[in-house]
file model.cif (mmCIF, C-alpha atoms (C1' of nucleotides))
data_start
loop_
_atom_site.label_atom_id
_atom_site.label_comp_id
_atom_site.auth_asym_id
_atom_site.auth_seq_id
_atom_site.Cartn_x
_atom_site.Cartn_y
_atom_site.Cartn_z
CA MET A 1 191.91 123.37 -91.77
CA PRO A 2 192.11 122.87 -95.46
CA GLU A 3 189.40 121.52 -97.53
CA LEU A 4 189.61 122.49 -101.16
CA PRO A 5 187.85 125.86 -100.77
CA GLU A 6 190.28 126.85 -98.02
CA VAL A 7 193.25 125.88 -100.18
CA GLU A 8 191.88 127.78 -103.16
CA THR A 9 191.16 130.78 -100.95
CA THR A 10 194.72 130.58 -99.65
CA ARG A 11 196.03 130.48 -103.22
CA ARG A 12 194.06 133.56 -104.20
CA GLY A 13 195.07 135.33 -101.02
CA VAL A 14 198.82 134.82 -101.30
CA ALA A 15 199.22 134.86 -105.10
CA PRO A 16 199.29 138.69 -105.45
CA TYR A 17 202.21 138.80 -102.99
CA CYS A 18 204.13 135.99 -104.73
CA ARG A 19 203.54 136.40 -108.44
CA GLY A 20 206.49 138.11 -110.08
CA GLN A 21 208.38 138.29 -106.80
CA VAL A 22 211.97 137.16 -106.34
CA VAL A 23 212.66 134.79 -103.48
CA GLN A 24 215.44 136.07 -101.28
CA GLU A 25 215.77 133.06 -99.03
CA LEU A 26 213.94 130.18 -97.45
CA VAL A 27 214.09 130.03 -93.67
CA VAL A 28 213.33 126.57 -92.32
CA ARG A 29 213.00 126.51 -88.54
CA GLU A 30 211.46 123.03 -88.42
CA SER A 31 212.08 120.53 -91.21
CA ARG A 32 210.20 117.58 -89.71
CA LEU A 33 206.94 117.79 -91.63
CA ARG A 34 204.98 114.94 -93.23
CA TRP A 35 208.16 114.34 -95.16
CA PRO A 36 211.41 116.04 -94.22
CA VAL A 37 211.91 119.36 -95.96
CA PRO A 38 214.73 118.69 -98.48
CA PRO A 39 217.93 120.35 -97.23
CA GLN A 40 218.67 121.67 -100.71
CA LEU A 41 215.25 123.34 -101.05
CA GLY A 42 216.49 126.74 -99.95
CA GLY A 43 219.32 126.71 -102.47
CA LEU A 44 217.03 125.67 -105.27
CA ILE A 45 214.46 128.41 -104.80
CA ALA A 46 216.70 131.27 -103.73
CA ASN A 47 216.94 134.07 -106.33
CA GLN A 48 214.15 132.53 -108.39
CA THR A 49 211.09 134.44 -109.51
CA ILE A 50 207.73 132.96 -108.64
CA GLN A 51 205.88 133.04 -111.92
CA GLU A 52 202.56 131.70 -110.77
CA VAL A 53 200.79 130.08 -107.85
CA GLU A 54 198.76 127.09 -108.94
CA ARG A 55 196.61 124.53 -107.23
CA ARG A 56 196.15 120.84 -107.94
CA GLY A 57 193.73 119.22 -105.55
CA LYS A 58 194.82 120.42 -102.14
CA TYR A 59 198.41 120.96 -103.25
CA LEU A 60 199.77 124.42 -103.96
CA LEU A 61 202.48 124.87 -106.60
CA PHE A 62 204.73 127.92 -106.62
CA ARG A 63 206.13 127.81 -110.13
CA THR A 64 209.58 129.14 -111.05
CA ALA A 65 211.71 128.74 -114.16
CA VAL A 66 213.78 125.96 -112.59
CA GLY A 67 211.08 124.00 -110.80
CA SER A 68 208.16 124.32 -108.43
CA LEU A 69 207.73 124.50 -104.71
CA LEU A 70 205.08 121.94 -103.77
CA VAL A 71 203.14 122.73 -100.60
CA HIS A 72 200.42 120.84 -98.78
CA LEU A 73 198.74 122.28 -95.71
CA GLY A 74 197.87 118.92 -94.17
CA MET A 75 195.31 119.08 -91.42
CA SER A 76 196.38 122.17 -89.51
CA GLY A 77 198.59 124.11 -91.88
CA SER A 78 198.15 127.67 -93.07
CA LEU A 79 200.01 130.18 -95.20
CA ARG A 80 199.84 133.90 -94.72
CA VAL A 81 201.69 136.96 -95.86
CA VAL A 82 203.57 138.91 -93.21
CA ASP A 83 206.30 141.51 -93.15
CA SER A 84 209.75 139.91 -93.14
CA GLY A 85 210.55 141.74 -89.94
CA GLN A 86 207.70 140.18 -88.00
CA ALA A 87 208.94 137.70 -85.39
CA PRO A 88 207.80 134.11 -85.93
CA GLY A 89 205.52 132.49 -83.38
CA ARG A 90 205.14 128.94 -82.18
CA HIS A 91 204.69 126.47 -85.05
CA ASP A 92 205.68 129.04 -87.67
CA HIS A 93 207.97 126.49 -89.31
CA ILE A 94 208.95 128.03 -92.63
CA ASP A 95 209.33 131.49 -94.16
CA VAL A 96 209.63 132.19 -97.87
CA ARG A 97 211.18 135.64 -97.81
CA MET A 98 210.79 137.83 -100.85
CA LEU A 99 213.05 140.62 -101.97
CA SER A 100 209.99 142.86 -101.70
CA GLY A 101 210.08 142.51 -97.92
CA SER A 102 206.97 140.38 -97.86
CA CYS A 103 207.23 136.95 -96.38
CA LEU A 104 205.12 133.86 -96.92
CA ARG A 105 204.86 132.21 -93.51
CA PHE A 106 203.92 128.55 -93.05
CA HIS A 107 202.28 127.64 -89.76
CA ASP A 108 201.41 124.03 -88.95
CA PRO A 109 201.01 122.73 -85.38
CA ARG A 110 200.46 119.11 -86.36
CA ARG A 111 203.11 119.07 -89.08
CA PHE A 112 201.09 116.95 -91.50
CA GLY A 113 201.84 119.43 -94.24
CA CYS A 114 204.79 119.30 -96.62
CA PHE A 115 207.29 121.48 -98.51
CA LEU A 116 208.82 119.65 -101.46
CA TRP A 117 210.50 120.46 -104.75
CA LEU A 118 209.35 119.53 -108.22
CA GLU A 119 211.74 119.58 -111.19
CA PRO A 120 210.28 121.03 -114.41
CA GLY A 121 208.23 118.39 -116.17
CA GLU A 122 208.66 115.99 -113.30
CA GLN A 123 205.61 113.88 -112.63
CA HIS A 124 205.59 113.72 -108.88
CA PRO A 125 204.06 110.51 -107.48
CA LEU A 126 201.97 112.62 -105.10
CA LEU A 127 200.33 114.36 -108.05
CA SER A 128 200.30 111.74 -110.78
CA GLN A 129 197.71 109.57 -109.05
CA LEU A 130 195.21 112.34 -108.45
CA GLY A 131 191.73 112.19 -109.87
CA PRO A 132 190.02 115.06 -111.73
CA GLU A 133 189.29 118.46 -110.25
CA PRO A 134 185.70 118.47 -108.98
CA LEU A 135 184.91 121.72 -110.78
CA SER A 136 186.24 120.51 -114.13
CA ASP A 137 184.14 119.15 -116.97
CA ALA A 138 185.90 115.81 -116.58
CA PHE A 139 184.09 115.34 -113.32
CA ASP A 140 180.41 114.51 -113.50
CA GLY A 141 177.85 111.88 -112.58
CA ASP A 142 178.77 109.61 -115.47
CA TYR A 143 182.39 109.62 -114.37
CA LEU A 144 181.47 108.64 -110.80
CA TYR A 145 179.06 106.02 -112.04
CA ARG A 146 181.57 104.36 -114.36
CA LEU A 147 184.43 104.41 -111.85
CA SER A 148 182.31 103.04 -109.02
CA ARG A 149 181.08 99.89 -110.74
CA GLY A 150 182.10 96.82 -108.77
CA ARG A 151 183.29 98.87 -105.81
CA SER A 152 182.13 97.73 -102.39
CA ALA A 153 183.61 100.56 -100.32
CA PRO A 154 181.18 103.03 -98.75
CA VAL A 155 180.31 105.89 -101.08
CA LYS A 156 181.63 108.38 -98.54
CA SER A 157 185.08 106.77 -98.60
CA PHE A 158 184.84 106.60 -102.39
CA ILE A 159 184.26 110.33 -102.92
CA MET A 160 186.90 111.22 -100.32
CA ASP A 161 189.51 109.18 -102.20
CA ALA A 162 191.79 111.63 -104.03
CA LYS A 163 192.37 109.04 -106.76
CA VAL A 164 188.65 109.29 -107.54
CA VAL A 165 188.25 113.05 -107.23
CA VAL A 166 190.38 115.61 -105.41
CA GLY A 167 189.20 118.09 -102.85
CA VAL A 168 186.26 116.42 -101.15
CA GLY A 169 187.17 116.33 -97.46
CA ASN A 170 185.21 115.17 -94.47
CA ILE A 171 183.06 118.27 -94.02
CA TYR A 172 181.94 118.44 -97.62
CA ALA A 173 181.52 114.68 -97.95
CA ASN A 174 179.04 114.73 -95.09
CA GLU A 175 177.21 117.77 -96.43
CA VAL A 176 177.03 116.63 -100.00
CA LEU A 177 175.71 113.18 -99.13
CA PHE A 178 173.03 114.76 -96.96
CA LEU A 179 172.01 117.12 -99.75
CA SER A 180 171.91 114.20 -102.18
CA GLY A 181 169.89 111.93 -99.88
CA ILE A 182 172.51 109.20 -100.07
CA HIS A 183 173.44 107.01 -97.10
CA PRO A 184 177.19 107.42 -96.50
CA ARG A 185 177.69 103.69 -95.97
CA ARG A 186 175.99 102.62 -99.17
CA ALA A 187 178.36 100.64 -101.38
CA ALA A 188 179.70 102.92 -104.11
CA GLY A 189 179.02 100.29 -106.76
CA ARG A 190 175.34 100.09 -105.91
CA ILE A 191 174.31 103.64 -106.66
CA SER A 192 172.49 104.57 -109.86
CA ARG A 193 173.76 106.88 -112.56
CA ALA A 194 170.93 109.31 -111.80
CA ARG A 195 171.89 109.54 -108.13
CA TYR A 196 175.56 110.07 -109.03
CA THR A 197 174.48 112.94 -111.26
CA VAL A 198 172.75 114.55 -108.30
CA LEU A 199 175.82 113.91 -106.12
CA ALA A 200 178.29 115.34 -108.63
CA ASP A 201 176.11 118.43 -109.11
CA ASN A 202 175.93 118.96 -105.36
CA ILE A 203 179.71 118.61 -105.01
CA LYS A 204 180.23 121.27 -107.66
CA GLN A 205 177.60 123.57 -106.22
CA VAL A 206 178.77 123.37 -102.59
CA LEU A 207 182.47 123.75 -103.42
CA THR A 208 181.77 126.65 -105.76
CA SER A 209 179.73 128.61 -103.25
CA SER A 210 182.29 127.96 -100.50
CA ILE A 211 185.09 129.26 -102.71
CA GLU A 212 182.99 132.34 -103.50
CA GLN A 213 182.43 132.98 -99.82
CA GLY A 214 186.13 132.48 -99.13
CA GLY A 215 186.81 135.41 -101.39
CA THR A 216 185.11 137.72 -98.95
CA THR A 217 187.47 136.73 -96.13
CA LEU A 218 190.72 137.11 -98.11
CA ARG A 219 192.03 139.89 -95.93
CA ASP A 220 192.40 137.39 -93.09
CA PHE A 221 195.29 135.78 -94.94
CA VAL A 222 197.37 138.89 -95.11
CA GLY A 223 198.87 140.22 -91.95
CA GLY A 224 196.17 138.61 -89.84
CA ASP A 225 196.15 135.24 -88.22
CA GLY A 226 196.09 133.33 -91.48
CA LYS A 227 192.96 131.47 -90.53
CA PRO A 228 190.16 131.57 -93.05
CA GLY A 229 187.84 130.13 -90.43
CA TYR A 230 184.80 128.21 -91.46
CA PHE A 231 183.03 129.67 -94.39
CA ALA A 232 179.49 130.79 -93.83
CA LEU A 233 178.53 127.38 -95.09
CA ARG A 234 175.20 126.25 -93.74
CA LEU A 235 175.98 122.92 -92.19
CA TYR A 236 173.27 120.29 -92.40
CA ALA A 237 175.19 117.29 -91.15
CA TYR A 238 178.84 117.87 -90.19
CA GLY A 239 179.22 118.45 -86.46
CA ARG A 240 175.49 117.99 -85.86
CA GLY A 241 175.35 114.40 -84.59
CA GLY A 242 172.39 113.97 -82.21
CA GLU A 243 170.79 117.21 -83.38
CA PRO A 244 167.58 117.36 -85.41
CA CYS A 245 167.69 116.91 -89.16
CA LYS A 246 166.87 120.24 -90.82
CA ARG A 247 164.68 118.44 -93.32
CA CYS A 248 162.62 115.91 -91.31
CA GLY A 249 163.34 116.77 -87.69
CA GLY A 250 164.60 113.29 -86.78
CA LEU A 251 167.86 113.01 -84.85
CA LEU A 252 171.01 112.80 -86.94
CA ARG A 253 173.10 109.69 -86.36
CA GLU A 254 176.86 109.71 -85.89
CA ILE A 255 179.10 106.81 -86.89
CA ARG A 256 182.76 106.33 -87.80
CA LEU A 257 183.65 105.44 -91.32
CA GLY A 258 187.30 104.93 -92.21
CA GLN A 259 188.36 106.74 -89.00
CA ARG A 260 186.26 109.74 -89.92
CA THR A 261 183.26 111.01 -88.06
CA THR A 262 180.21 110.61 -90.24
CA VAL A 263 176.83 112.23 -89.64
CA PHE A 264 173.67 111.45 -91.53
CA CYS A 265 169.90 111.20 -91.32
CA VAL A 266 168.55 107.64 -91.35
CA THR A 267 165.29 108.87 -92.80
CA CYS A 268 166.45 111.26 -95.51
CA GLN A 269 169.54 109.35 -96.64
CA ARG A 270 169.19 105.91 -98.22
"C1'" DC B 1 193.39 95.57 -107.84
"C1'" DG B 2 190.41 97.28 -103.81
"C1'" DC B 3 189.68 97.79 -99.07
"C1'" DT B 4 190.76 98.43 -94.04
"C1'" DG B 5 193.19 100.11 -90.36
"C1'" DA B 6 197.58 101.91 -88.34
"C1'" DC B 7 200.12 105.82 -88.32
"C1'" DC B 8 202.15 110.67 -88.69
"C1'" DC B 9 201.71 115.12 -84.71
"C1'" DT B 10 200.04 118.75 -81.46
"C1'" DG B 11 196.32 120.91 -79.11
"C1'" DA B 12 191.66 121.32 -77.31
"C1'" DC B 13 188.17 119.53 -74.63
"C1'" DG B 14 185.30 116.68 -71.49
"C1'" DG B 15 185.06 113.53 -67.58
"C1'" DC B 16 186.82 112.18 -63.34
"C1'" DT C 1 193.99 121.71 -60.74
"C1'" DG C 2 195.76 117.79 -63.13
"C1'" DC C 3 195.54 113.55 -65.62
"C1'" DC C 4 193.65 110.70 -69.25
"C1'" DG C 5 191.20 109.44 -73.20
"C1'" DT C 6 189.26 111.07 -77.42
"C1'" DC C 7 188.94 113.75 -81.24
"C1'" DA C 8 190.34 117.14 -85.02
"C1'" DG C 9 188.92 119.84 -91.70
"C1'" DG C 10 195.02 115.84 -94.32
"C1'" DG C 11 197.17 111.89 -96.52
"C1'" DT C 12 200.41 107.52 -97.12
"C1'" DC C 13 201.33 102.94 -96.55
"C1'" DA C 14 201.40 97.91 -95.30
"C1'" DG C 15 198.89 93.89 -95.30
"C1'" DC C 16 195.15 91.05 -96.48
#

call {"tool": "encode", "arguments": {"input": "model.cif", "output": "structure tokens"}}
result
Amino acid sequence: MPELPEVETTRRGVAPYCRGQVVQELVVRESRLRWPVPPQLGGLIANQTIQEVERRGKYLLFRTAVGSLLVHLGMSGSLRVVDSGQAPGRHDHIDVRMLSGSCLRFHDPRRFGCFLWLEPGEQHPLLSQLGPEPLSDAFDGDYLYRLSRGRSAPVKSFIMDAKVVVGVGNIYANEVLFLSGIHPRRAAGRISRARYTVLADNIKQVLTSSIEQGGTTLRDFVGGDGKPGYFALRLYAYGRGGEPCKRCGGLLREIRLGQRTTVFCVTCQR
DNA sequence: CGCTGACCCTGACGGC
DNA sequence: TGCCGTCAGGGTCAGC
């Protein structure tokens, strides 16, 4: 489920139940995630106080004095807060039980997510390669323009590359390219600075409004099913292959780009 | 170095 | 009803 707004919404939803709380124990029912959950993880985090819940790209960091729990939700993962007494269901792989009686429960049918440990000051290879946050000042049209020179990969693959910028997943890549009038297969290196400025602005705008809308569904993370669901994002392209373009009425085309379904309007996107 | 495709895994869904 | 292929919002990695 997670695109960046979902991850940020998750962070905001669980943080009040984690911040300042002491971890009683980690219960790992299934350790076979994207990478095996380190056997020593429980011992490392037990009795530690979670000082803060941070986000870097689509990674969540639960910071303690002796290191950080690094969590990724993969494709199907979710975190929610439940009472420690509540029985786990299918695919509820990990519990972070707090002394307070609250429990952070990790659910992930496809097991593409991960639970790892980060020593203080350690530069984890998963994080050190990441590009700028899309909502930061470091990310703008000039940045995209400069980085893309000489690149022949499709612009959609380019903006979905976490080394370029974090947090632009398949849904938002489709939407943002539609809004910007850019053909998803256009070579990244052959797009003007002006068009990259439009694209970067659209990325910021769409992600920002999705995060804002996520805030209104926060209660779903606590005690509920842990699914934020789709935000009330008005979809122009994603999932609309074969349907009429909301701008010109022509039929949207669907192709596959880097194993990802890609939808666009041949008329409005060049 | 940049790019492409295989792969990780389960579940839902459509066609037969 | 079952079986089969395809697809799903993540990312890494090998090989060219």

call {"tool": "interface_residues", "arguments": {"input": "model.cif", "of": "chain A", "to": "chain B", "cutoff": "8 Å", "atoms": "all atoms listed in the file", "output": "number ranges by chain"}}
result
A: 34, 109-112, 151, 153, 258

call {"tool": "resolve_selection", "arguments": {"input": "model.cif", "expression": "the PyMOL selection byres ((chain A) within 8 of (chain C))", "output": "ChimeraX atom specification"}}
result
/A:1-3,73-75,112-113,169-171

call {"tool": "closest_residue", "arguments": {"input": "model.cif", "among": "A:Ser78, A:Ser102, A:Ser84, A:Gln269", "to": "Arg253 (chain A)", "atoms": "only C-alpha atoms"}}
result
A:Gln269

call {"tool": "atom_distance", "arguments": {"input": "model.cif", "atom1": "CA of Gly13 (chain A)", "atom2": "CA of Asp83 (chain A)"}}
result
15.0 Å

call {"tool": "atom_distance", "arguments": {"input": "model.cif", "atom1": "CA of Val66 (chain A)", "atom2": "CA of Ile50 (chain A)"}}
result
10.1 Å

call {"tool": "atom_distance", "arguments": {"input": "model.cif", "atom1": "CA of Gly150 (chain A)", "atom2": "CA of Ser192 (chain A)"}}
result
12.4 Å

call {"tool": "residues_around", "arguments": {"input": "model.cif", "residues": "Pro184 (chain A)", "least_positions_apart": "4", "cutoff": "9 Å", "atoms": "all atoms listed in the file", "output": "list of chain:residue names"}}
result
A:Pro154, A:Val155, A:Lys156, A:Ser157, A:Ala173, A:Asn174, A:Leu177, A:Phe178, A:Leu257, A:Thr262, A:Val263, A:Phe264, A:Gln269, A:Arg270

call {"tool": "resolve_selection", "arguments": {"input": "model.cif", "expression": "the PyMOL selection byres ((chain A and resi 60) around 9)", "output": "list in words"}}
result
Val7, Glu8, Arg11, Val53, Glu54, Arg55, Arg56, Gly57, Lys58, Tyr59, Leu61, Phe62, Leu69, Leu70, Val71, His72 and Leu73 of chain A

call {"tool": "closest_residue", "arguments": {"input": "model.cif", "among": "A:Arg105, A:Arg234, A:Lys163, A:Arg240", "to": "Tyr17 (chain A)", "atoms": "only C-alpha atoms"}}
result
A:Arg105

call {"tool": "build_atoms", "arguments": {"input": "model.cif", "residues": "region 132-168 of chain A", "atoms": "N, CA and C atoms", "output": "compact mmCIF listing (two decimals), in the coordinates of the input"}}
result
# COMPACT_ATOMS: atom_id res chain seq x y z
N PRO A 132 190.35 113.75 -111.14
CA PRO A 132 190.02 115.06 -111.73
C PRO A 132 189.65 116.10 -110.68
N GLU A 133 189.77 117.37 -111.08
CA GLU A 133 189.29 118.46 -110.25
C GLU A 133 187.75 118.41 -110.24
N PRO A 134 187.16 118.58 -109.08
CA PRO A 134 185.70 118.47 -108.98
C PRO A 134 184.95 119.53 -109.79
N LEU A 135 185.60 120.66 -110.05
CA LEU A 135 184.91 121.72 -110.78
C LEU A 135 185.20 121.67 -112.28
N SER A 136 185.94 120.64 -112.70
CA SER A 136 186.24 120.51 -114.13
C SER A 136 185.14 119.74 -114.85
N ASP A 137 185.13 119.87 -116.18
CA ASP A 137 184.14 119.15 -116.97
C ASP A 137 184.36 117.64 -116.93
N ALA A 138 185.60 117.24 -116.63
CA ALA A 138 185.90 115.81 -116.58
C ALA A 138 185.19 115.11 -115.42
N PHE A 139 184.76 115.91 -114.48
CA PHE A 139 184.09 115.34 -113.32
C PHE A 139 182.58 115.54 -113.43
N ASP A 140 181.87 114.43 -113.49
CA ASP A 140 180.41 114.51 -113.50
C ASP A 140 179.83 113.17 -113.03
N GLY A 141 178.52 113.08 -113.07
CA GLY A 141 177.85 111.88 -112.58
C GLY A 141 178.24 110.63 -113.35
N ASP A 142 178.39 110.76 -114.65
CA ASP A 142 178.77 109.61 -115.47
C ASP A 142 180.13 109.07 -115.06
N TYR A 143 181.05 110.00 -114.80
CA TYR A 143 182.39 109.62 -114.37
C TYR A 143 182.32 108.82 -113.07
N LEU A 144 181.60 109.34 -112.08
CA LEU A 144 181.47 108.64 -110.80
C LEU A 144 180.81 107.28 -110.98
N TYR A 145 179.78 107.27 -111.81
CA TYR A 145 179.06 106.02 -112.04
C TYR A 145 179.98 104.95 -112.64
N ARG A 146 180.68 105.33 -113.68
CA ARG A 146 181.57 104.36 -114.36
C ARG A 146 182.65 103.85 -113.42
N LEU A 147 183.31 104.78 -112.71
CA LEU A 147 184.43 104.41 -111.85
C LEU A 147 184.00 103.56 -110.66
N SER A 148 182.75 103.70 -110.25
CA SER A 148 182.31 103.04 -109.02
C SER A 148 181.82 101.61 -109.24
N ARG A 149 181.63 101.23 -110.50
CA ARG A 149 181.08 99.89 -110.74
C ARG A 149 181.99 98.82 -110.12
N GLY A 150 181.37 97.92 -109.39
CA GLY A 150 182.10 96.82 -108.77
C GLY A 150 182.76 97.19 -107.46
N ARG A 151 182.66 98.46 -107.07
CA ARG A 151 183.29 98.87 -105.81
C ARG A 151 182.36 98.62 -104.63
N SER A 152 182.94 98.04 -103.57
CA SER A 152 182.13 97.73 -102.39
C SER A 152 182.35 98.72 -101.25
N ALA A 153 183.33 99.59 -101.39
CA ALA A 153 183.61 100.56 -100.32
C ALA A 153 182.43 101.52 -100.17
N PRO A 154 182.25 102.06 -98.96
CA PRO A 154 181.18 103.03 -98.75
C PRO A 154 181.35 104.23 -99.67
N VAL A 155 180.25 104.76 -100.14
CA VAL A 155 180.31 105.89 -101.08
C VAL A 155 181.03 107.08 -100.48
N LYS A 156 180.94 107.24 -99.16
CA LYS A 156 181.63 108.38 -98.54
C LYS A 156 183.14 108.22 -98.69
N SER A 157 183.65 107.02 -98.42
CA SER A 157 185.08 106.77 -98.60
C SER A 157 185.47 106.95 -100.07
N PHE A 158 184.59 106.52 -100.95
CA PHE A 158 184.84 106.60 -102.39
C PHE A 158 185.04 108.04 -102.84
N ILE A 159 184.13 108.94 -102.44
CA ILE A 159 184.26 110.33 -102.92
C ILE A 159 185.35 111.10 -102.18
N MET A 160 185.81 110.55 -101.03
CA MET A 160 186.90 111.22 -100.32
C MET A 160 188.27 110.72 -100.79
N ASP A 161 188.26 109.73 -101.68
CA ASP A 161 189.51 109.18 -102.20
C ASP A 161 190.05 110.10 -103.30
N ALA A 162 191.23 110.66 -103.09
CA ALA A 162 191.79 111.63 -104.03
C ALA A 162 192.09 111.01 -105.40
N LYS A 163 192.16 109.68 -105.46
CA LYS A 163 192.37 109.04 -106.76
C LYS A 163 191.07 109.07 -107.56
N VAL A 164 189.95 109.21 -106.88
CA VAL A 164 188.65 109.29 -107.54
C VAL A 164 188.37 110.72 -107.95
N VAL A 165 188.43 111.62 -106.96
CA VAL A 165 188.25 113.05 -107.23
C VAL A 165 188.98 113.79 -106.11
N VAL A 166 189.63 114.88 -106.43
CA VAL A 166 190.38 115.61 -105.41
C VAL A 166 189.46 116.62 -104.70
N GLY A 167 189.81 116.93 -103.49
CA GLY A 167 189.20 118.09 -102.85
C GLY A 167 187.92 117.88 -102.07
N VAL A 168 187.45 116.65 -101.96
CA VAL A 168 186.26 116.42 -101.15
C VAL A 168 186.69 115.87 -99.79
